Structures are given as structure tokens and as C-alpha cells.
Amino acid sequence: MAKDKRVDTYIKNSERFAKPILRHLRNLIHKACPDVTETIKWSFPHFEYMGMLCSMASFKQHCAFTFWKAAIMKDPYKILFVKERNSMGNFGQIKCLADLPSEKILLQYIKHTVKLNNDRISLTPKQKPAIRKKLIVPDYFNKALNKFL
């Protein structure tokens, strides 16, 4: 169970209320996936196994826990908040351990995202608009711009 010292430091420097939440999430992730790798990306802890699994973050008054592939995960308990494919915090604002689902449910969801990575199931790329609108620049703007060029 390899732990990244930077994650230790992140938890240590978090607000008092957040420390037990972050420790609990970290322990569950390692329990569900003993081969998980910890890292710091975008200044907060991420957990990887054959790709990105999840991340956790601490703020002044709440924590967030995010599954990287939440948009394609099965959600039998209808507890995941998914505003966008990669929105931060699939359980809303977590202010205490009671705000999290049970350990049994969290382990089930973590194992599910591990299976998605094992099966190499990925998020579908965002679709780009098929039609590109032509940018119409007024003549007066072009003339003004040309004075500076």
C-alpha cells in the first residue's frame, strides 16, 4: 500500500473538520484497490489505477470527492451528482463523515470505477459542433485594428 507523502502533507494541512473525511476516503480507496497509486494533480490528491480513478479535495468549509468516470458509472443508489462529465464533487459538499454514503456503498462504487479501468472503458470525447460559425468582423473594427499593425 504505497502512499504518497505529498498526500500526507495535503491532509495534514487541511482544515480540522476535513482530516477525518480525507483519511477515511483514502483508506477506502486503498481497501478497494490495493494497487492504487496516489499523486497530486491540480494541487489536490488523485488516485490512479490503469488510469484515473478518483480525487478528493479539501476547502475551507467542505470537502469534495470525485469519480473521474462518474458520468458512465452505474449509480444503483442514485447518489452521484453529475452536472458534467468532470464536475468536481460527486457527493456535493462533504462537511462531515455522515455526509458520505456508507463504507459498503463507497467500496462498491470505487470497485466499479476500478472495473471500468480494468475493462478499458473510457469516457466518450465531447462532441464538437459540426458547423463552425463564420466570424463576422465589422469593417470599422478591422480599420481600427489595422492602425496598430
# chains A, B, ... in the order shown; residues from 1 in each chain; ligands from 1
>>> select_by_dssp(residues="stretch 1-48 of chain A", states="strand (DSSP E or B)", output="NGL selection string")
:A and (37-41 or 44-48)
>>> residues_around(residues="A:Ile11", least_positions_apart="4", cutoff="7 Å", atoms="only C-alpha atoms", output="PyMOL selection string")
chain A and resi 7+19+22
>>> closest_residue(among="A:Arg16, A:Thr39, A:Phe44, A:Tyr49", to="A:Thr113", atoms="only C-alpha atoms")
A:Tyr49
>>> closest_residue(among="A:Pro101, A:His24, A:Gln61, A:Cys96", to="A:Leu80", atoms="only C-alpha atoms")
A:Pro101
>>> residues_around(residues="stretch 50-57 of chain A", least_positions_apart="3", cutoff="9 Å", atoms="only C-alpha atoms", output="PyMOL selection string")
chain A and resi 22+25-26+29+36+43-47+62-69+88-89+110+113-114+117-118+120
>>> write_last_selection(atoms="N, CA and C atoms", output="compact mmCIF listing (two decimals), in the first residue's frame")
# COMPACT_ATOMS: atom_id res chain seq x y z
N LEU A 22 -10.91 13.01 4.73
CA LEU A 22 -9.88 12.68 3.75
C LEU A 22 -9.20 11.36 4.09
N LEU A 25 -11.67 8.48 3.21
CA LEU A 25 -11.74 8.24 1.76
C LEU A 25 -10.48 7.56 1.26
N ARG A 26 -9.34 8.05 1.69
CA ARG A 26 -8.06 7.47 1.27
C ARG A 26 -7.98 5.99 1.66
N ILE A 29 -10.25 3.84 -0.56
CA ILE A 29 -9.70 3.68 -1.91
C ILE A 29 -8.63 2.60 -1.91
N VAL A 36 -3.60 0.79 -6.10
CA VAL A 36 -3.81 2.18 -6.48
C VAL A 36 -2.53 2.99 -6.27
N SER A 43 -3.05 20.41 -7.72
CA SER A 43 -2.89 20.79 -6.30
C SER A 43 -3.76 20.01 -5.32
N PHE A 44 -4.31 18.87 -5.71
CA PHE A 44 -5.04 18.05 -4.75
C PHE A 44 -4.87 16.57 -5.09
N PRO A 45 -5.13 15.68 -4.12
CA PRO A 45 -4.87 14.24 -4.29
C PRO A 45 -5.75 13.57 -5.34
N HIS A 46 -5.08 12.75 -6.15
CA HIS A 46 -5.74 11.93 -7.16
C HIS A 46 -5.27 10.49 -6.96
N PHE A 47 -6.12 9.57 -7.36
CA PHE A 47 -5.83 8.15 -7.22
C PHE A 47 -5.97 7.49 -8.59
N HIS A 62 -15.69 22.72 3.31
CA HIS A 62 -16.20 21.43 2.86
C HIS A 62 -15.12 20.67 2.09
N CYS A 63 -15.41 19.40 1.86
CA CYS A 63 -14.55 18.55 1.04
C CYS A 63 -15.33 18.12 -0.20
N ALA A 64 -14.60 17.60 -1.17
CA ALA A 64 -15.22 17.08 -2.38
C ALA A 64 -14.56 15.75 -2.71
N PHE A 65 -15.35 14.84 -3.24
CA PHE A 65 -14.85 13.55 -3.70
C PHE A 65 -15.42 13.32 -5.08
N THR A 66 -14.55 13.03 -6.03
CA THR A 66 -14.96 12.95 -7.43
C THR A 66 -14.49 11.66 -8.07
N PHE A 67 -15.41 10.96 -8.71
CA PHE A 67 -15.05 9.83 -9.56
C PHE A 67 -14.77 10.37 -10.95
N TRP A 68 -13.64 10.01 -11.51
CA TRP A 68 -13.24 10.52 -12.81
C TRP A 68 -14.25 10.14 -13.89
N LYS A 69 -14.82 8.96 -13.78
CA LYS A 69 -15.75 8.46 -14.80
C LYS A 69 -17.19 8.41 -14.28
N MET A 88 -16.67 18.72 -10.27
CA MET A 88 -15.98 18.42 -9.02
C MET A 88 -17.00 18.08 -7.94
N GLY A 89 -16.81 16.95 -7.32
CA GLY A 89 -17.63 16.57 -6.19
C GLY A 89 -18.89 15.83 -6.57
N ILE A 110 -16.24 2.47 -5.68
CA ILE A 110 -14.81 2.53 -6.00
C ILE A 110 -14.41 1.29 -6.82
N THR A 113 -15.50 1.67 -10.42
CA THR A 113 -14.64 2.51 -11.28
C THR A 113 -13.31 1.80 -11.57
N VAL A 114 -12.83 0.98 -10.65
CA VAL A 114 -11.65 0.16 -10.91
C VAL A 114 -11.95 -0.81 -12.06
N ASN A 117 -11.82 0.82 -15.43
CA ASN A 117 -10.44 0.97 -15.90
C ASN A 117 -9.85 -0.36 -16.33
N ASN A 118 -10.13 -1.42 -15.57
CA ASN A 118 -9.65 -2.76 -15.95
C ASN A 118 -10.18 -3.15 -17.33
N ARG A 120 -10.96 -1.16 -19.62
CA ARG A 120 -10.55 -0.10 -20.56
C ARG A 120 -11.74 0.65 -21.15
>>> residues_around(residues="A:Ile79", least_positions_apart="5", cutoff="12 Å", atoms="only C-alpha atoms", output="PyMOL selection string")
chain A and resi 70+73-74+89-92+99-102+105-106+109
>>> write_last_selection(atoms="C-alpha atoms", output="mmCIF file, in the first residue's frame")
data_model
loop_
_atom_site.group_PDB
_atom_site.id
_atom_site.type_symbol
_atom_site.label_atom_id
_atom_site.label_comp_id
_atom_site.auth_asym_id
_atom_site.auth_seq_id
_atom_site.Cartn_x
_atom_site.Cartn_y
_atom_site.Cartn_z
ATOM 1 C CA ALA A 70 -18.893 9.333 -12.827
ATOM 2 C CA MET A 73 -20.733 4.784 -13.770
ATOM 3 C CA LYS A 74 -23.678 2.693 -12.675
ATOM 4 C CA GLY A 89 -17.633 16.573 -6.190
ATOM 5 C CA ASN A 90 -19.993 13.693 -6.894
ATOM 6 C CA PHE A 91 -21.443 13.777 -3.372
ATOM 7 C CA GLY A 92 -21.968 17.503 -3.043
ATOM 8 C CA ASP A 99 -22.398 13.311 4.585
ATOM 9 C CA LEU A 100 -20.801 10.320 2.841
ATOM 10 C CA PRO A 101 -22.556 7.112 1.816
ATOM 11 C CA SER A 102 -21.843 4.041 3.934
ATOM 12 C CA ILE A 105 -21.639 1.614 -0.766
ATOM 13 C CA LEU A 106 -18.453 3.645 -1.250
ATOM 14 C CA TYR A 109 -18.608 2.447 -6.240
#
>>> select_by_dssp(residues="stretch 34-122 of chain A", states="helix (DSSP H, G or I)", output="short mmCIF file (atom, residue, chain, number, x, y, z; two decimals) with C-alpha atoms, in the first residue's frame")
data_model
loop_
_atom_site.label_atom_id
_atom_site.label_comp_id
_atom_site.auth_asym_id
_atom_site.auth_seq_id
_atom_site.Cartn_x
_atom_site.Cartn_y
_atom_site.Cartn_z
CA ALA A 70 -18.89 9.33 -12.83
CA ALA A 71 -20.82 10.13 -16.00
CA ILE A 72 -20.60 6.50 -17.14
CA LEU A 97 -18.30 11.80 7.67
CA ALA A 98 -22.10 11.48 7.93
CA ASP A 99 -22.40 13.31 4.58
CA GLU A 103 -18.47 2.31 3.69
CA LYS A 104 -20.14 -0.63 1.93
CA ILE A 105 -21.64 1.61 -0.77
CA LEU A 106 -18.45 3.65 -1.25
CA LEU A 107 -16.41 0.46 -1.65
CA GLN A 108 -18.93 -0.78 -4.23
CA TYR A 109 -18.61 2.45 -6.24
CA ILE A 110 -14.81 2.53 -6.00
CA LYS A 111 -14.59 -1.11 -7.14
CA HIS A 112 -16.91 -0.28 -10.02
CA THR A 113 -14.64 2.51 -11.28
CA VAL A 114 -11.65 0.16 -10.91
CA LYS A 115 -13.51 -2.34 -13.11
CA LEU A 116 -14.20 0.35 -15.71
CA ASN A 117 -10.44 0.97 -15.90
CA ASN A 118 -9.65 -2.76 -15.95
#
>>> decode(residues="stretch 58-97 of chain A", atoms="C-alpha atoms", output="PDB file, in the first residue's frame")
ATOM      1  CA  SER A  58     -10.438  19.985   0.868  1.00  0.00           C
ATOM      2  CA  PHE A  59     -11.669  23.552   1.033  1.00  0.00           C
ATOM      3  CA  LYS A  60     -12.238  25.949   3.921  1.00  0.00           C
ATOM      4  CA  GLN A  61     -15.698  24.652   4.785  1.00  0.00           C
ATOM      5  CA  HIS A  62     -16.203  21.432   2.856  1.00  0.00           C
ATOM      6  CA  CYS A  63     -14.545  18.547   1.036  1.00  0.00           C
ATOM      7  CA  ALA A  64     -15.222  17.076  -2.383  1.00  0.00           C
ATOM      8  CA  PHE A  65     -14.850  13.552  -3.702  1.00  0.00           C
ATOM      9  CA  THR A  66     -14.964  12.950  -7.428  1.00  0.00           C
ATOM     10  CA  PHE A  67     -15.048   9.831  -9.557  1.00  0.00           C
ATOM     11  CA  TRP A  68     -13.235  10.522 -12.810  1.00  0.00           C
ATOM     12  CA  LYS A  69     -15.750   8.462 -14.804  1.00  0.00           C
ATOM     13  CA  ALA A  70     -18.893   9.333 -12.827  1.00  0.00           C
ATOM     14  CA  ALA A  71     -20.818  10.127 -15.999  1.00  0.00           C
ATOM     15  CA  ILE A  72     -20.598   6.498 -17.145  1.00  0.00           C
ATOM     16  CA  MET A  73     -20.733   4.784 -13.770  1.00  0.00           C
ATOM     17  CA  LYS A  74     -23.678   2.693 -12.675  1.00  0.00           C
ATOM     18  CA  ASP A  75     -25.454   4.501  -9.857  1.00  0.00           C
ATOM     19  CA  PRO A  76     -27.859   1.969  -8.301  1.00  0.00           C
ATOM     20  CA  TYR A  77     -28.420   4.135  -5.201  1.00  0.00           C
ATOM     21  CA  LYS A  78     -28.926   7.354  -7.218  1.00  0.00           C
ATOM     22  CA  ILE A  79     -26.420   9.214  -5.051  1.00  0.00           C
ATOM     23  CA  LEU A  80     -23.950  10.596  -7.580  1.00  0.00           C
ATOM     24  CA  PHE A  81     -24.221  14.231  -8.519  1.00  0.00           C
ATOM     25  CA  VAL A  82     -23.064  14.534 -12.116  1.00  0.00           C
ATOM     26  CA  LYS A  83     -23.507  18.005 -13.536  1.00  0.00           C
ATOM     27  CA  GLU A  84     -20.869  17.491 -16.199  1.00  0.00           C
ATOM     28  CA  ARG A  85     -18.563  14.654 -17.105  1.00  0.00           C
ATOM     29  CA  ASN A  86     -15.812  16.060 -14.958  1.00  0.00           C
ATOM     30  CA  SER A  87     -17.634  18.205 -12.418  1.00  0.00           C
ATOM     31  CA  MET A  88     -15.983  18.424  -9.019  1.00  0.00           C
ATOM     32  CA  GLY A  89     -17.633  16.573  -6.190  1.00  0.00           C
ATOM     33  CA  ASN A  90     -19.993  13.693  -6.894  1.00  0.00           C
ATOM     34  CA  PHE A  91     -21.443  13.777  -3.372  1.00  0.00           C
ATOM     35  CA  GLY A  92     -21.968  17.503  -3.043  1.00  0.00           C
ATOM     36  CA  GLN A  93     -20.317  19.418  -0.233  1.00  0.00           C
ATOM     37  CA  ILE A  94     -18.964  16.981   2.343  1.00  0.00           C
ATOM     38  CA  LYS A  95     -18.722  18.649   5.756  1.00  0.00           C
ATOM     39  CA  CYS A  96     -18.582  15.575   7.995  1.00  0.00           C
ATOM     40  CA  LEU A  97     -18.305  11.795   7.674  1.00  0.00           C
TER      41      LEU A  97
END
